[in-house]
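Shown next: target.cif, given as mmCIF, C-alpha atoms.
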```cif
data_entry
loop_
_atom_site.label_atom_id
_atom_site.label_comp_id
_atom_site.auth_asym_id
_atom_site.auth_seq_id
_atom_site.Cartn_x
_atom_site.Cartn_y
_atom_site.Cartn_z
CA MET A 634 30.29 1.45 -20.06
CA THR A 635 26.94 -0.25 -19.48
CA GLU A 636 27.30 0.57 -15.80
CA ALA A 637 27.79 4.27 -16.56
CA ALA A 638 24.88 4.28 -18.98
CA LYS A 639 22.71 2.70 -16.29
CA LEU A 640 23.60 5.44 -13.83
CA VAL A 641 22.91 8.14 -16.41
CA GLY A 642 19.60 6.53 -17.28
CA ALA A 643 18.58 6.25 -13.64
CA GLY A 644 19.45 9.89 -13.09
CA CYS A 645 17.48 10.94 -16.14
CA ALA A 646 14.45 8.97 -14.95
CA THR A 647 14.22 11.21 -11.89
CA ILE A 648 13.27 14.11 -14.17
CA ALA A 649 9.76 12.69 -13.89
CA LEU A 650 9.71 14.09 -10.35
CA ALA A 651 9.30 17.59 -11.80
CA GLY A 652 5.82 16.67 -12.95
CA ALA A 653 4.91 14.97 -9.68
CA GLY A 654 6.13 17.99 -7.72
CA ALA A 655 4.01 20.33 -9.81
CA GLY A 656 1.04 17.98 -9.42
CA ILE A 657 1.29 17.77 -5.63
CA GLY A 658 1.72 21.54 -5.50
CA ILE A 659 -1.43 22.00 -7.54
CA VAL A 660 -3.37 19.60 -5.31
CA PHE A 661 -2.53 21.40 -2.07
CA GLY A 662 -2.60 24.86 -3.66
CA SER A 663 -6.14 24.18 -4.80
CA LEU A 664 -7.00 22.85 -1.34
CA ILE A 665 -5.84 26.12 0.26
CA ASN A 666 -7.74 28.10 -2.36
CA ALA A 667 -10.90 26.15 -1.76
CA VAL A 668 -10.65 26.28 2.03
CA ALA A 669 -10.04 30.02 1.91
CA ARG A 670 -13.26 30.42 -0.05
CA ASN A 671 -15.37 28.09 2.03
CA PRO A 672 -13.80 27.08 5.36
CA SER A 673 -16.85 25.09 6.42
CA LEU A 674 -16.02 22.38 3.88
CA THR A 675 -12.46 21.88 5.18
CA LYS A 676 -12.94 18.32 6.41
CA GLN A 677 -14.52 17.02 3.22
CA LEU A 678 -12.06 18.83 0.97
CA PHE A 679 -9.11 17.53 2.97
CA GLY A 680 -10.20 13.97 2.27
CA TYR A 681 -10.35 14.63 -1.45
CA ALA A 682 -7.00 16.42 -1.35
CA ILE A 683 -5.35 13.51 0.41
CA LEU A 684 -6.75 11.14 -2.18
CA GLY A 685 -5.48 13.36 -4.99
CA PHE A 686 -2.12 13.61 -3.27
CA ALA A 687 -1.80 9.85 -3.02
CA LEU A 688 -2.76 9.38 -6.66
CA THR A 689 -0.21 11.98 -7.76
CA GLU A 690 2.48 10.58 -5.52
CA ALA A 691 1.94 7.17 -7.05
CA ILE A 692 2.96 8.57 -10.43
CA ALA A 693 6.23 9.72 -8.90
CA LEU A 694 6.71 6.26 -7.47
CA PHE A 695 6.26 4.75 -10.92
CA ALA A 696 9.35 6.78 -11.89
CA LEU A 697 11.11 5.32 -8.86
CA MET A 698 10.17 1.84 -10.03
CA VAL A 699 11.69 2.62 -13.43
CA VAL A 700 14.88 3.77 -11.72
CA PHE A 701 15.09 0.53 -9.77
CA LEU A 702 14.40 -1.47 -12.90
CA ILE A 703 17.20 0.33 -14.75
CA LEU A 704 19.66 0.01 -11.88
CA PHE A 705 19.03 -3.51 -10.69
CA ALA A 706 16.83 -5.48 -13.05
CA ILE A 707 18.29 -4.94 -16.50
CA MET B 997 25.64 -1.57 8.85
CA LEU B 998 23.58 -2.49 5.87
CA ASN B 999 25.44 -2.62 2.60
CA SER B 1000 22.54 -1.63 0.42
CA PRO B 1001 19.35 0.21 1.29
CA LEU B 1002 17.48 -2.62 -0.36
CA GLU B 1003 18.98 -5.31 1.85
CA GLN B 1004 16.18 -4.92 4.39
CA PHE B 1005 13.76 -6.33 1.83
CA ASN B 1006 15.56 -9.68 1.54
CA ILE B 1007 13.25 -12.60 1.90
CA ILE B 1008 14.74 -15.17 4.23
CA SER B 1009 13.38 -18.62 4.58
CA ILE B 1010 12.68 -19.31 8.22
CA LEU B 1011 10.91 -22.61 8.12
CA ARG B 1012 11.55 -25.38 5.61
CA LEU B 1013 10.54 -29.01 5.41
CA THR B 1014 13.30 -31.00 3.63
CA THR B 1015 16.97 -30.32 2.98
CA PRO B 1016 17.24 -28.15 -0.09
CA ALA B 1017 19.57 -29.00 -2.94
CA SER B 1018 21.37 -25.67 -2.38
CA PRO B 1019 18.95 -23.04 -3.72
CA ILE B 1020 20.32 -20.79 -6.40
CA GLY B 1021 23.76 -19.80 -5.17
CA ARG B 1022 22.46 -18.50 -1.85
CA LYS B 1023 23.56 -19.66 1.53
CA PRO B 1024 20.54 -21.53 2.86
CA TYR B 1025 19.00 -20.48 6.14
CA PRO B 1026 17.65 -23.90 6.67
CA ILE B 1027 15.41 -25.12 9.35
CA ILE B 1028 12.62 -26.82 7.49
CA PRO B 1029 12.34 -26.15 3.75
CA ILE B 1030 9.14 -26.73 1.84
CA HIS B 1031 9.63 -27.11 -1.86
CA ILE B 1032 8.10 -29.17 -4.59
CA SER B 1033 10.58 -29.41 -7.49
CA ASN B 1034 11.09 -25.74 -8.36
CA LEU B 1035 8.26 -24.29 -6.30
CA TYR B 1036 9.14 -22.96 -2.87
CA PHE B 1037 6.53 -22.93 -0.14
CA SER B 1038 8.94 -22.16 2.65
CA PHE B 1039 7.84 -20.20 5.66
CA THR B 1040 9.68 -16.90 5.14
CA ASN B 1041 10.06 -13.77 7.21
CA SER B 1042 7.37 -12.25 4.99
CA SER B 1043 4.91 -14.98 5.94
CA LEU B 1044 5.92 -14.60 9.58
CA PHE B 1045 4.85 -10.96 9.53
CA PHE B 1046 1.64 -11.82 7.69
CA LEU B 1047 0.82 -14.25 10.44
CA LEU B 1048 1.84 -11.79 13.13
CA ALA B 1049 -0.35 -9.02 11.71
CA THR B 1050 -3.35 -11.30 11.37
CA LEU B 1051 -2.95 -12.72 14.85
CA LEU B 1052 -2.47 -9.29 16.43
CA ILE B 1053 -5.59 -7.89 14.82
CA CYS B 1054 -7.65 -10.96 15.69
CA LEU B 1055 -6.37 -10.88 19.26
CA LEU B 1056 -7.06 -7.16 19.63
CA TYR B 1057 -10.59 -7.50 18.34
CA HIS B 1058 -11.24 -10.58 20.39
CA MET B 1059 -9.90 -9.11 23.62
CA VAL B 1060 -11.87 -5.88 23.51
CA THR B 1061 -15.16 -7.41 22.43
CA ILE B 1062 -15.44 -10.27 24.91
CA ASN B 1063 -19.18 -10.43 25.80
CA GLY B 1064 -19.79 -7.84 23.08
CA GLY B 1065 -17.78 -5.11 24.76
CA VAL B 1066 -18.99 -2.60 27.30
CA LEU B 1067 -21.38 0.32 26.88
CA VAL B 1068 -18.88 2.94 27.98
CA PRO B 1069 -15.86 1.89 25.93
CA THR B 1070 -12.44 1.37 27.42
CA ARG B 1071 -9.51 2.97 25.63
CA TRP B 1072 -8.72 -0.07 23.52
CA GLN B 1073 -12.35 -0.59 22.67
CA SER B 1074 -12.72 2.99 21.49
CA VAL B 1075 -9.67 2.54 19.22
CA VAL B 1076 -11.28 -0.52 17.68
CA GLU B 1077 -14.61 1.29 17.37
CA MET B 1078 -12.92 4.24 15.67
CA PHE B 1079 -11.49 2.01 12.96
CA TYR B 1080 -14.83 0.31 12.55
CA GLU B 1081 -16.77 3.55 12.23
CA PHE B 1082 -14.18 5.00 9.89
CA VAL B 1083 -14.60 2.15 7.42
CA VAL B 1084 -18.38 2.03 7.87
CA ASN B 1085 -18.63 5.71 6.99
CA MET B 1086 -16.34 5.26 4.02
CA VAL B 1087 -18.39 2.40 2.58
CA GLU B 1088 -21.64 4.21 3.30
CA GLU B 1089 -20.44 7.38 1.59
CA GLN B 1090 -19.08 5.65 -1.48
CA ILE B 1091 -21.47 2.80 -2.17
CA GLY B 1092 -24.44 3.32 0.12
CA GLU B 1093 -26.85 0.61 1.07
CA LYS B 1094 -25.78 -1.87 -1.60
CA GLY B 1095 -22.26 -1.90 -0.23
CA ARG B 1096 -23.18 -3.16 3.23
CA LYS B 1097 -22.66 -6.80 2.46
CA TYR B 1098 -19.15 -6.09 1.18
CA PHE B 1099 -18.25 -4.18 4.32
CA THR B 1100 -16.49 -7.08 6.03
CA LEU B 1101 -14.21 -7.62 3.06
CA ILE B 1102 -13.28 -3.95 2.86
CA PHE B 1103 -12.77 -3.69 6.61
CA THR B 1104 -10.52 -6.75 6.63
CA THR B 1105 -8.46 -5.38 3.77
CA PHE B 1106 -8.06 -2.06 5.53
CA MET B 1107 -7.02 -3.52 8.88
CA PHE B 1108 -4.68 -6.03 7.25
CA ILE B 1109 -2.81 -3.47 5.16
CA LEU B 1110 -2.73 -0.96 8.02
CA SER B 1111 -1.29 -3.47 10.47
CA LEU B 1112 1.27 -4.78 7.97
CA ASN B 1113 2.39 -1.22 7.23
CA LEU B 1114 2.65 -0.27 10.88
CA ILE B 1115 4.41 -3.47 11.96
CA GLY B 1116 6.86 -2.93 9.10
CA LEU B 1117 7.85 0.40 10.64
CA ILE B 1118 9.26 -1.20 13.77
CA PRO B 1119 13.07 -1.15 13.41
CA TYR B 1120 14.59 -4.48 12.31
CA SER B 1121 11.20 -5.91 11.46
CA PHE B 1122 10.10 -6.65 7.94
CA ALA B 1123 7.59 -4.76 5.81
CA SER B 1124 5.67 -7.37 3.85
CA THR B 1125 3.75 -4.72 1.93
CA SER B 1126 7.00 -3.41 0.44
CA HIS B 1127 7.03 -6.38 -1.91
CA LEU B 1128 5.24 -5.84 -5.17
CA ILE B 1129 4.28 -9.47 -5.39
CA VAL B 1130 2.36 -9.18 -2.11
CA THR B 1131 0.53 -5.96 -2.91
CA PHE B 1132 -0.05 -6.83 -6.55
CA GLY B 1133 -1.32 -10.27 -5.64
CA MET B 1134 -3.72 -8.66 -3.18
CA SER B 1135 -4.96 -5.99 -5.60
CA LEU B 1136 -5.28 -8.39 -8.52
CA SER B 1137 -7.28 -10.95 -6.60
CA LEU B 1138 -9.57 -8.28 -5.14
CA PHE B 1139 -10.01 -6.75 -8.56
CA LEU B 1140 -10.90 -10.09 -10.16
CA GLY B 1141 -13.46 -10.54 -7.41
CA ILE B 1142 -14.93 -7.10 -8.11
CA THR B 1143 -15.17 -7.86 -11.83
CA ILE B 1144 -16.95 -11.12 -11.03
CA ILE B 1145 -19.38 -9.22 -8.78
CA GLY B 1146 -20.06 -6.81 -11.63
CA LEU B 1147 -20.67 -9.65 -14.06
CA GLN B 1148 -22.94 -11.39 -11.53
CA ILE B 1149 -25.08 -8.32 -10.96
CA HIS B 1150 -25.34 -7.05 -14.51
CA GLY B 1151 -24.62 -10.08 -16.65
CA LEU B 1152 -23.36 -9.20 -20.12
CA HIS B 1153 -24.70 -5.68 -19.61
CA PHE B 1154 -21.55 -5.16 -17.52
CA PHE B 1155 -19.60 -4.55 -20.72
CA SER B 1156 -21.50 -1.29 -21.28
CA PHE B 1157 -19.11 -0.05 -18.60
CA PHE B 1158 -16.49 0.33 -21.33
CA LEU B 1159 -18.64 2.70 -23.39
CA PRO B 1160 -19.65 5.84 -21.50
CA ALA B 1161 -23.32 6.67 -22.00
CA GLY B 1162 -24.06 9.43 -24.50
CA ALA B 1163 -20.77 9.09 -26.35
CA PRO B 1164 -21.02 9.50 -30.15
CA LEU B 1165 -20.97 6.16 -31.91
CA ALA B 1166 -18.14 7.18 -34.22
CA LEU B 1167 -15.82 7.42 -31.22
CA ALA B 1168 -16.89 4.06 -29.83
CA PRO B 1169 -13.92 1.93 -31.02
CA ALA B 1170 -11.36 4.34 -29.60
CA LEU B 1171 -13.30 4.87 -26.37
CA VAL B 1172 -13.73 1.18 -25.73
CA VAL B 1173 -10.01 0.58 -26.11
CA ILE B 1174 -9.13 3.50 -23.83
CA GLU B 1175 -11.63 2.46 -21.17
CA LEU B 1176 -10.49 -1.14 -21.35
CA VAL B 1177 -6.85 -0.16 -20.91
CA SER B 1178 -7.66 2.12 -17.99
CA TYR B 1179 -9.71 -0.66 -16.46
CA VAL B 1180 -6.87 -3.17 -16.79
CA PHE B 1181 -4.40 -0.71 -15.30
CA ARG B 1182 -6.48 -0.27 -12.15
CA PRO B 1183 -5.19 -3.32 -10.26
CA ILE B 1184 -1.63 -2.64 -11.46
CA SER B 1185 -1.62 0.94 -10.19
CA LEU B 1186 -3.39 -0.14 -7.00
CA GLY B 1187 -0.73 -2.71 -6.16
CA VAL B 1188 2.28 -0.73 -7.36
CA ARG B 1189 1.16 2.37 -5.45
CA LEU B 1190 1.12 0.61 -2.11
CA GLY B 1191 4.27 -1.44 -2.71
CA ALA B 1192 6.35 1.37 -4.16
CA ASN B 1193 5.28 3.81 -1.44
CA ILE B 1194 6.29 1.52 1.38
CA MET B 1195 9.49 0.40 -0.34
CA ALA B 1196 10.55 3.97 -1.16
CA GLY B 1197 9.85 5.08 2.40
CA HIS B 1198 11.88 2.31 3.98
CA ALA B 1199 14.77 2.72 1.53
CA LEU B 1200 14.79 6.45 2.25
CA LEU B 1201 14.92 5.85 5.99
CA VAL B 1202 17.90 3.52 5.64
CA ILE B 1203 19.77 5.90 3.34
CA LEU B 1204 19.24 8.87 5.64
CA SER B 1205 20.13 7.02 8.81
CA GLY B 1206 23.23 5.65 7.09
CA PHE B 1207 24.16 9.24 6.34
CA ALA B 1208 23.64 10.25 9.97
CA TRP B 1209 25.70 7.26 11.16
CA THR B 1210 28.60 8.12 8.86
CA MET B 1211 28.61 11.68 10.20
CA LEU B 1212 28.46 10.51 13.79
CA THR B 1213 31.40 8.14 13.42
CA ALA B 1214 33.48 10.76 11.59
CA GLY B 1215 34.05 12.47 14.94
CA GLY B 1216 34.80 16.10 15.80
CA PHE B 1217 32.50 18.80 14.53
CA LEU B 1218 30.68 16.43 12.18
CA ALA B 1219 29.63 14.22 15.11
CA VAL B 1220 27.93 17.22 16.72
CA ALA B 1221 26.37 18.27 13.43
CA ALA B 1222 24.93 14.76 13.03
CA ILE B 1223 21.99 16.02 15.09
CA PHE B 1224 20.55 17.54 11.89
CA PRO B 1225 20.36 14.32 9.86
CA PHE B 1226 18.95 12.66 12.98
CA ALA B 1227 16.24 15.31 13.14
CA ILE B 1228 15.45 14.66 9.49
CA VAL B 1229 15.32 10.91 10.09
CA PHE B 1230 12.93 11.55 12.97
CA ALA B 1231 10.71 13.74 10.80
CA ILE B 1232 10.74 11.20 7.96
CA THR B 1233 9.78 8.47 10.43
CA CYS B 1234 6.76 10.54 11.47
CA LEU B 1235 5.94 11.00 7.79
CA GLU B 1236 6.23 7.26 7.24
CA PHE B 1237 3.68 6.62 9.99
CA ALA B 1238 1.34 9.01 8.19
CA VAL B 1239 2.07 7.29 4.87
CA ALA B 1240 1.36 3.86 6.39
CA GLY B 1241 -2.12 4.97 7.39
CA LEU B 1242 -2.68 6.98 4.26
CA GLN B 1243 -1.77 4.19 1.89
CA ALA B 1244 -4.05 1.76 3.70
CA TYR B 1245 -6.80 4.39 3.40
CA VAL B 1246 -6.11 5.03 -0.28
CA PHE B 1247 -6.01 1.33 -1.12
CA THR B 1248 -9.33 0.79 0.64
CA ILE B 1249 -11.10 3.84 -0.75
CA LEU B 1250 -10.05 3.00 -4.29
CA LEU B 1251 -11.29 -0.52 -3.66
CA THR B 1252 -14.69 0.86 -2.63
CA ILE B 1253 -14.75 3.18 -5.65
CA TYR B 1254 -14.03 0.29 -8.00
CA LEU B 1255 -16.64 -1.79 -6.23
CA ARG B 1256 -19.18 1.02 -6.65
CA ASP B 1257 -18.32 1.18 -10.35
CA ALA B 1258 -18.97 -2.54 -10.63
CA ILE B 1259 -22.25 -2.33 -8.71
CA GLU B 1260 -23.66 0.83 -10.31
CA LEU B 1261 -21.92 0.92 -13.73
CA HIS B 1262 -21.09 4.67 -13.65
#
```

Give the structure from this file in structure tokens form.
Amino acid sequence: MTEAAKLVGAGCATIALAGAGAGIGIVFGSLINAVARNPSLTKQLFGYAILGFALTEAIALFALMVVFLILFAI
Amino acid sequence: MLNSPLEQFNIISILRLTTPASPIGRKPYPIIPIHISNLYFSFTNSSLFFLLATLLICLLYHMVTINGGVLVPTRWQSVVEMFYEFVVNMVEEQIGEKGRKYFTLIFTTFMFILSLNLIGLIPYSFASTSHLIVTFGMSLSLFLGITIIGLQIHGLHFFSFFLPAGAPLALAPALVVIELVSYVFRPISLGVRLGANIMAGHALLVILSGFAWTMLTAGGFLAVAAIFPFAIVFAITCLEFAVAGLQAYVFTILLTIYLRDAIELH
């Protein structure tokens, strides 16, 4: 019973990925938008985009941590 | 075959100093255990890779800069110079002149994390940065240092950091709490980001290659079709190399941003 509840909980925790997916999409979508408007800034903008990507991805990984906690730590 | 995708993260004691009184239900891997009552100081595979990364970087930098290097750089020297210039530019862009004396610290952090990440990607080696205790210990100690630098430069004025300038006084109690919480969460997110990224990447690689292996051993059509999971594993490996560099970069650039905050107070 507890085992099943753990699996259900871990599965539910992955819903958080929806937000991270949308976030990463927004980051790179905005990058393409910006580069299309001003291609000369590509290099600088790419650096910012990568930083934003890493920050957004980290949020997804927090969800992963919660999954691991539910599955293995509790 | 690995039983669990997390098995690769097991910490094994390689070197110990006295015979252990059978550590908690685990089969000891004893050579020389070091432990004082309940504290273990054993030389583990994690420490082995720490040592390896440090030695490799030191060796590389020593070898290519004997007599200060040459004017027209060799291949290895230009690699080393690229890393150096990359971090110099980063510090210069973020902090400017005041950041120059912290450059060595930031450069060391960058090279250390980068080499640990990359060494961890070699099959059957061990990724030390996949352990939260390693990354969190690193980020927390660096962050404490940055806070001390801020306090040293600004004295008690440092605490004005928690109240953005020009904010209405009525909002002050709420703002201070919010800023304080976000400040405290900085080292946590810094450490967890690096650790979780590397751990997730390595677990993913094992899961996918396990999938490919199962298909290959199933025989018949499936064995031929196993080329697709293999292609995916290959692509993910390339991605992991990018992530290894990227996470080292992100860790370092956030470090410089936090350092700038401490030096300039917004």

Residues matched by the PyMOL selection byres ((chain A and resi 673-689) around 12) as number ranges by chain = A: 649-672, 690-696; B: 1086, 1089, 1182, 1185-1186, 1188-1190, 1192-1193, 1238-1250, 1253

I'd like the contact shell of region 1162-1179 of chain B - 12 Å cut-off, all atoms listed in the file, skipping same-chain residues fewer than 3 positions apart - returned as a ChimeraX atom specification.
/B:1136,1139-1140,1142-1143,1155-1159,1182-1186,1254,1257-1258

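Compared by their closest atoms to Ala1222 (chain B), and using only C-alpha atoms, the residues B:Ala1161, B:Ala1199, B:Leu1235, B:Ala1208 rank with B:Ala1208 nearest.
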
Give me, as a ChimeraX atom specification, all polymer residues having an atom no more than 12 Å from Val1202 (chain B), counting all atoms listed in the file and skipping those fewer than 6 positions away in the same chain. /B:997-1005,1117,1119-1120,1195-1196,1208-1209,1225-1226,1229-1230,1232-1233

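CA of Phe1046 (chain B) is positioned 7.1 Å from CA of Ser1124 (chain B).
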
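Checking B:Ile1194, B:Ala1214, B:Leu1255, B:Val1066 one by one against chain A, counting only C-alpha atoms, you find the shortest gap at B:Ile1194.
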
Using only C-alpha atoms, the residue out of B:Met1107, B:Leu1201, B:Val1087, B:Leu1251 with shortest distance to Ala1227 (chain B) is B:Leu1201

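In this structure, CA of Ala1049 (chain B) sits 28.0 Å away from CA of Ile1145 (chain B).
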
Evaluate the PyMOL selection byres ((chain B and resi 1134) around 10) here and jot the selected residues down as a short mmCIF file (atom, residue, chain, number, x, y, z; two decimals) with C-alpha atoms, keeping the file's coordinate frame.
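The new file result23.cif reads:
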```
data_model
loop_
_atom_site.label_atom_id
_atom_site.label_comp_id
_atom_site.auth_asym_id
_atom_site.auth_seq_id
_atom_site.Cartn_x
_atom_site.Cartn_y
_atom_site.Cartn_z
CA THR B 1105 -8.46 -5.38 3.77
CA ILE B 1109 -2.81 -3.47 5.16
CA THR B 1125 3.75 -4.72 1.93
CA LEU B 1128 5.24 -5.84 -5.17
CA ILE B 1129 4.28 -9.47 -5.39
CA VAL B 1130 2.36 -9.18 -2.11
CA THR B 1131 0.53 -5.96 -2.91
CA PHE B 1132 -0.05 -6.83 -6.55
CA GLY B 1133 -1.32 -10.27 -5.64
CA SER B 1135 -4.96 -5.99 -5.60
CA LEU B 1136 -5.28 -8.39 -8.52
CA SER B 1137 -7.28 -10.95 -6.60
CA LEU B 1138 -9.57 -8.28 -5.14
CA PHE B 1139 -10.01 -6.75 -8.56
CA PRO B 1183 -5.19 -3.32 -10.26
CA LEU B 1186 -3.39 -0.14 -7.00
CA GLY B 1187 -0.73 -2.71 -6.16
#
```

Contacts of Met1211 (chain B) at 12 Å (all atoms listed in the file; same-chain gap of 3+ positions) as an mmCIF file with C-alpha atoms, in the coordinates of the input:
```cif
data_model
loop_
_atom_site.group_PDB
_atom_site.id
_atom_site.type_symbol
_atom_site.label_atom_id
_atom_site.label_comp_id
_atom_site.auth_asym_id
_atom_site.auth_seq_id
_atom_site.Cartn_x
_atom_site.Cartn_y
_atom_site.Cartn_z
ATOM 1 C CA LEU B 1204 19.240 8.870 5.640
ATOM 2 C CA SER B 1205 20.130 7.020 8.810
ATOM 3 C CA GLY B 1206 23.230 5.650 7.090
ATOM 4 C CA PHE B 1207 24.160 9.240 6.340
ATOM 5 C CA ALA B 1208 23.640 10.250 9.970
ATOM 6 C CA ALA B 1214 33.480 10.760 11.590
ATOM 7 C CA GLY B 1215 34.050 12.470 14.940
ATOM 8 C CA GLY B 1216 34.800 16.100 15.800
ATOM 9 C CA PHE B 1217 32.500 18.800 14.530
ATOM 10 C CA LEU B 1218 30.680 16.430 12.180
ATOM 11 C CA ALA B 1219 29.630 14.220 15.110
ATOM 12 C CA VAL B 1220 27.930 17.220 16.720
ATOM 13 C CA ALA B 1221 26.370 18.270 13.430
ATOM 14 C CA ALA B 1222 24.930 14.760 13.030
ATOM 15 C CA ILE B 1223 21.990 16.020 15.090
ATOM 16 C CA PHE B 1224 20.550 17.540 11.890
ATOM 17 C CA PRO B 1225 20.360 14.320 9.860
ATOM 18 C CA PHE B 1226 18.950 12.660 12.980
#
```

Students should find that CA of Glu1081 (chain B) and CA of Phe1099 (chain B) are spaced 11.2 Å

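For the set B:Leu1048, B:Leu1112, B:Leu1200, B:Ala1231, the residue with the smallest atom-to-atom gap to chain A is B:Leu1200, counting all atoms listed in the file.
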
Residues matched by the PyMOL selection byres ((chain A and resi 634-642) around 9), written as a PyMOL selection string: chain A and resi 643-647+700+703-704+707

Keeping C-alpha atoms, export the residues of the selection given above as a JSON list (two decimals), in the frame of the given file.
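This went into result_37.json:
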```
[["chain", "number", "residue", "atom", "x", "y", "z"],
["A", 643, "ALA", "CA", 18.58, 6.25, -13.64],
["A", 644, "GLY", "CA", 19.45, 9.89, -13.09],
["A", 645, "CYS", "CA", 17.48, 10.94, -16.14],
["A", 646, "ALA", "CA", 14.45, 8.97, -14.95],
["A", 647, "THR", "CA", 14.22, 11.21, -11.89],
["A", 700, "VAL", "CA", 14.88, 3.77, -11.72],
["A", 703, "ILE", "CA", 17.20, 0.33, -14.75],
["A", 704, "LEU", "CA", 19.66, 0.01, -11.88],
["A", 707, "ILE", "CA", 18.29, -4.94, -16.50]]
```

If you count all atoms listed in the file, which residues fall within 12 Å of Glu1088 (chain B), apart from same-chain ones fewer than 2 positions away, as a PDB file with C-alpha atoms, keeping the file's coordinate frame?
```pdb
ATOM      1  CA  GLU B1081     -16.770   3.550  12.230  1.00  0.00           C
ATOM      2  CA  PHE B1082     -14.180   5.000   9.890  1.00  0.00           C
ATOM      3  CA  VAL B1083     -14.600   2.150   7.420  1.00  0.00           C
ATOM      4  CA  VAL B1084     -18.380   2.030   7.870  1.00  0.00           C
ATOM      5  CA  ASN B1085     -18.630   5.710   6.990  1.00  0.00           C
ATOM      6  CA  MET B1086     -16.340   5.260   4.020  1.00  0.00           C
ATOM      7  CA  GLN B1090     -19.080   5.650  -1.480  1.00  0.00           C
ATOM      8  CA  ILE B1091     -21.470   2.800  -2.170  1.00  0.00           C
ATOM      9  CA  GLY B1092     -24.440   3.320   0.120  1.00  0.00           C
ATOM     10  CA  GLU B1093     -26.850   0.610   1.070  1.00  0.00           C
ATOM     11  CA  LYS B1094     -25.780  -1.870  -1.600  1.00  0.00           C
ATOM     12  CA  GLY B1095     -22.260  -1.900  -0.230  1.00  0.00           C
ATOM     13  CA  ARG B1096     -23.180  -3.160   3.230  1.00  0.00           C
ATOM     14  CA  LYS B1097     -22.660  -6.800   2.460  1.00  0.00           C
ATOM     15  CA  TYR B1098     -19.150  -6.090   1.180  1.00  0.00           C
ATOM     16  CA  PHE B1099     -18.250  -4.180   4.320  1.00  0.00           C
ATOM     17  CA  ILE B1102     -13.280  -3.950   2.860  1.00  0.00           C
ATOM     18  CA  ILE B1249     -11.100   3.840  -0.750  1.00  0.00           C
ATOM     19  CA  THR B1252     -14.690   0.860  -2.630  1.00  0.00           C
ATOM     20  CA  ILE B1253     -14.750   3.180  -5.650  1.00  0.00           C
ATOM     21  CA  ARG B1256     -19.180   1.020  -6.650  1.00  0.00           C
TER      22      ARG B1256
END
```
